[in-house]
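Shown here: run.txt, compact mmCIF, C-alpha atoms.
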```
# COMPACT_ATOMS: atom_id res chain seq x y z
CA MET V 1 2.70 49.38 -21.22
CA VAL V 2 -0.43 47.80 -22.64
CA ALA V 3 -3.93 47.92 -21.14
CA VAL V 4 -6.60 45.29 -21.76
CA VAL V 5 -10.09 46.36 -20.73
CA TYR V 6 -13.17 44.15 -20.62
CA SER V 7 -16.25 46.23 -19.91
CA GLY V 8 -19.83 45.35 -19.17
CA SER V 9 -22.59 47.76 -18.25
CA ARG V 10 -21.67 47.92 -14.57
CA TYR V 11 -17.92 47.35 -14.37
CA ALA V 12 -14.82 47.58 -16.52
CA ASN V 13 -11.97 45.26 -15.51
CA TRP V 14 -8.52 46.54 -16.42
CA ARG V 15 -5.24 44.63 -16.69
CA ILE V 16 -2.15 46.68 -17.41
CA ALA V 17 1.04 44.91 -18.39
CA HIS V 18 4.63 45.96 -18.92
CA LYS V 19 7.02 43.74 -20.88
CA GLY V 20 4.62 40.79 -20.73
CA THR V 21 4.08 40.91 -16.96
CA GLU V 22 0.81 42.09 -15.43
CA THR V 23 1.64 45.01 -13.20
CA ILE V 24 -1.72 46.58 -12.41
CA GLU V 25 -5.24 45.21 -12.01
CA LEU V 26 -8.14 47.57 -11.38
CA ARG V 27 -11.86 48.09 -11.85
CA THR V 28 -13.83 51.15 -12.92
CA VAL V 29 -17.48 51.68 -13.65
CA GLY V 30 -18.62 50.23 -16.96
CA ILE V 31 -17.74 52.02 -20.18
CA ASN V 32 -19.76 51.54 -23.32
CA PRO V 33 -18.98 53.85 -26.26
CA PHE V 34 -22.38 53.01 -27.75
CA PHE V 35 -24.15 54.63 -24.79
CA ASN V 36 -21.48 56.88 -23.20
CA ASP V 37 -20.06 59.99 -24.81
CA GLU V 38 -16.43 61.10 -24.74
CA LYS V 39 -17.01 63.50 -21.81
CA TYR V 40 -18.39 60.71 -19.60
CA ILE V 41 -15.58 58.32 -20.51
CA LEU V 42 -12.92 60.94 -19.71
CA GLN V 43 -14.59 61.60 -16.33
CA VAL V 44 -14.43 57.88 -15.52
CA LEU V 45 -10.77 57.64 -16.52
CA ASN V 46 -9.79 60.78 -14.60
CA LYS V 47 -11.28 59.45 -11.35
CA ASN V 48 -8.84 56.54 -11.10
CA ILE V 49 -5.48 57.44 -9.57
CA GLN V 50 -3.70 54.39 -11.05
CA LEU V 51 -4.81 55.33 -14.56
CA ILE V 52 -3.78 58.95 -14.03
CA HIS V 53 -0.28 57.97 -12.84
CA ASN V 54 0.27 55.54 -15.73
CA ALA V 55 -1.48 57.44 -18.56
CA GLU V 56 1.79 58.55 -20.21
CA LYS V 57 3.24 55.02 -20.05
CA ILE V 58 0.26 53.20 -21.60
CA LYS V 59 0.94 52.96 -25.33
CA LYS V 60 -1.93 50.67 -26.43
CA ILE V 61 -5.41 49.92 -25.13
CA PHE V 62 -7.36 46.84 -26.18
CA PHE V 63 -11.00 47.47 -25.31
CA LEU V 64 -13.68 44.77 -25.33
CA ALA V 65 -17.26 45.69 -24.49
CA GLN V 66 -20.17 43.39 -23.85
CA VAL V 67 -23.13 44.62 -25.85
CA GLN V 68 -26.61 43.22 -25.71
CA HIS V 69 -29.25 44.46 -28.06
CA GLN V 70 -32.81 43.99 -27.02
CA LYS V 71 -35.60 44.32 -29.49
CA LYS V 72 -38.15 46.73 -28.11
CA GLU V 73 -41.70 46.98 -29.29
CA MET V 74 -43.45 50.29 -29.21
CA ARG V 75 -47.17 50.80 -29.50
CA LEU V 76 -48.60 54.13 -30.46
```
Re-express the file's structure as structure tokens.
Amino acid sequence: MVAVVYSGSRYANWRIAHKGTETIELRTVGINPFFNDEKYILQVLNKNIQLIHNAEKIKKIFFLAQVQHQKKEMRL
């Protein structure tokens, strides 16, 4: 099985396919490795029953994250 994940700040949309056919579609809260640490990401993944039941079968994950950088000005 292969998982394709497109994540924004609020939601992550998952499509899991087996032998070229989409078998599972689900949504979790957004995941951004730039802002979220490993502990948080594991908590998100462990809350979804479909991911838990298919974890051993998923061999590859393609992860795409939307990242926006905003230039912030600070005055001291």
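We find CA of Ile24 in chain V and CA of Ser7 in chain V to be spaced 16.4 Å apart.
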With all atoms listed in the file as the basis for distance, which of V:Leu26, V:Gly8, V:Asn48, V:Ile16 is at the shortest distance from Phe62 in chain V?
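Smallest distance to Phe62 in chain V is found for V:Ile16.
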What would the list of residues within 10 Å of (-17.2, 54.5, -22.5) (file frame) look like as an MDAnalysis selection string, if all atoms listed in the file are what count?
chainID V and resid 7 9 12 29:45 63 65
So that I have them on file, write out the residues from the current selection with C-alpha atoms, as a compact mmCIF listing (two decimals), keeping the file's coordinate frame.
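Now in part.txt:
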```txt
# COMPACT_ATOMS: atom_id res chain seq x y z
CA SER V 7 -16.25 46.23 -19.91
CA SER V 9 -22.59 47.76 -18.25
CA ALA V 12 -14.82 47.58 -16.52
CA VAL V 29 -17.48 51.68 -13.65
CA GLY V 30 -18.62 50.23 -16.96
CA ILE V 31 -17.74 52.02 -20.18
CA ASN V 32 -19.76 51.54 -23.32
CA PRO V 33 -18.98 53.85 -26.26
CA PHE V 34 -22.38 53.01 -27.75
CA PHE V 35 -24.15 54.63 -24.79
CA ASN V 36 -21.48 56.88 -23.20
CA ASP V 37 -20.06 59.99 -24.81
CA GLU V 38 -16.43 61.10 -24.74
CA LYS V 39 -17.01 63.50 -21.81
CA TYR V 40 -18.39 60.71 -19.60
CA ILE V 41 -15.58 58.32 -20.51
CA LEU V 42 -12.92 60.94 -19.71
CA GLN V 43 -14.59 61.60 -16.33
CA VAL V 44 -14.43 57.88 -15.52
CA LEU V 45 -10.77 57.64 -16.52
CA PHE V 63 -11.00 47.47 -25.31
CA ALA V 65 -17.26 45.69 -24.49
```
For CA of Arg10 in chain V and CA of Gln66 in chain V, the interatomic separation in Å (one decimal):
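CA of Arg10 in chain V sits 10.4 Å away from CA of Gln66 in chain V.
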What lies within 12 Å of Thr21 in chain V using all atoms listed in the file, ignoring chain neighbours under 5 positions off, as a list in words?
Met1, Val2, Ala3, Arg15 and Ile16 of chain V
Spatial neighbours of Trp14 in chain V, 6 Å, only C-alpha atoms, chain gap at least 6 places, as a PyMOL selection string:
chain V and resi 4-5+25-27
Report, in Å to a single decimal, how far apart CA of Thr28 in chain V and CA of Tyr6 in chain V are.
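Spanning CA of Tyr6 in chain V to CA of Thr28 in chain V is a straight-line distance of 10.4 Å.
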Export range 10-67 of chain V of the preceding structure, keeping C-alpha atoms, as a JSON list (two decimals), in the first residue's frame.
```json
[["chain", "number", "residue", "atom", "x", "y", "z"],
["V", 10, "ARG", "CA", -5.49, 22.80, 9.51],
["V", 11, "TYR", "CA", -6.05, 19.50, 7.71],
["V", 12, "ALA", "CA", -4.10, 16.66, 6.15],
["V", 13, "ASN", "CA", -5.90, 14.79, 3.37],
["V", 14, "TRP", "CA", -4.84, 11.17, 2.98],
["V", 15, "ARG", "CA", -5.32, 8.82, 0.03],
["V", 16, "ILE", "CA", -4.18, 5.25, 0.51],
["V", 17, "ALA", "CA", -3.95, 2.99, -2.51],
["V", 18, "HIS", "CA", -3.31, -0.70, -3.04],
["V", 19, "LYS", "CA", -2.23, -2.00, -6.45],
["V", 20, "GLY", "CA", -3.14, 1.28, -8.14],
["V", 21, "THR", "CA", -6.66, 1.51, -6.72],
["V", 22, "GLU", "CA", -7.59, 4.03, -4.04],
["V", 23, "THR", "CA", -8.89, 2.06, -1.10],
["V", 24, "ILE", "CA", -9.00, 4.58, 1.74],
["V", 25, "GLU", "CA", -9.61, 8.33, 1.93],
["V", 26, "LEU", "CA", -9.35, 10.13, 5.25],
["V", 27, "ARG", "CA", -8.55, 13.44, 6.91],
["V", 28, "THR", "CA", -6.51, 14.23, 10.01],
["V", 29, "VAL", "CA", -5.47, 17.48, 11.59],
["V", 30, "GLY", "CA", -2.69, 19.27, 9.74],
["V", 31, "ILE", "CA", 0.87, 18.00, 10.05],
["V", 32, "ASN", "CA", 3.83, 20.26, 9.42],
["V", 33, "PRO", "CA", 7.28, 18.87, 10.31],
["V", 34, "PHE", "CA", 8.62, 22.43, 10.35],
["V", 35, "PHE", "CA", 6.37, 23.31, 13.30],
["V", 36, "ASN", "CA", 5.40, 19.92, 14.79],
["V", 37, "ASP", "CA", 7.78, 17.57, 16.55],
["V", 38, "GLU", "CA", 7.86, 13.79, 16.24],
["V", 39, "LYS", "CA", 5.82, 13.28, 19.43],
["V", 40, "TYR", "CA", 2.95, 15.44, 18.14],
["V", 41, "ILE", "CA", 2.95, 13.75, 14.73],
["V", 42, "LEU", "CA", 2.83, 10.28, 16.32],
["V", 43, "GLN", "CA", -0.10, 11.38, 18.51],
["V", 44, "VAL", "CA", -1.99, 12.52, 15.40],
["V", 45, "LEU", "CA", -1.31, 9.26, 13.57],
["V", 46, "ASN", "CA", -2.24, 7.11, 16.56],
["V", 47, "LYS", "CA", -5.66, 8.77, 16.89],
["V", 48, "ASN", "CA", -6.90, 7.53, 13.51],
["V", 49, "ILE", "CA", -8.26, 3.98, 13.54],
["V", 50, "GLN", "CA", -7.86, 3.52, 9.76],
["V", 51, "LEU", "CA", -4.17, 4.43, 9.95],
["V", 52, "ILE", "CA", -3.66, 2.13, 12.93],
["V", 53, "HIS", "CA", -5.27, -0.84, 11.15],
["V", 54, "ASN", "CA", -3.26, -0.30, 7.95],
["V", 55, "ALA", "CA", 0.09, 0.81, 9.42],
["V", 56, "GLU", "CA", 1.82, -2.53, 8.73],
["V", 57, "LYS", "CA", 0.54, -2.61, 5.13],
["V", 58, "ILE", "CA", 1.63, 0.92, 4.14],
["V", 59, "LYS", "CA", 5.08, 0.60, 2.58],
["V", 60, "LYS", "CA", 5.59, 4.16, 1.27],
["V", 61, "ILE", "CA", 4.31, 7.59, 2.25],
["V", 62, "PHE", "CA", 4.49, 10.58, -0.08],
["V", 63, "PHE", "CA", 4.05, 13.69, 2.06],
["V", 64, "LEU", "CA", 3.39, 17.16, 0.64],
["V", 65, "ALA", "CA", 3.06, 20.11, 2.99],
["V", 66, "GLN", "CA", 1.92, 23.61, 2.21],
["V", 67, "VAL", "CA", 4.35, 26.04, 3.77]]
```
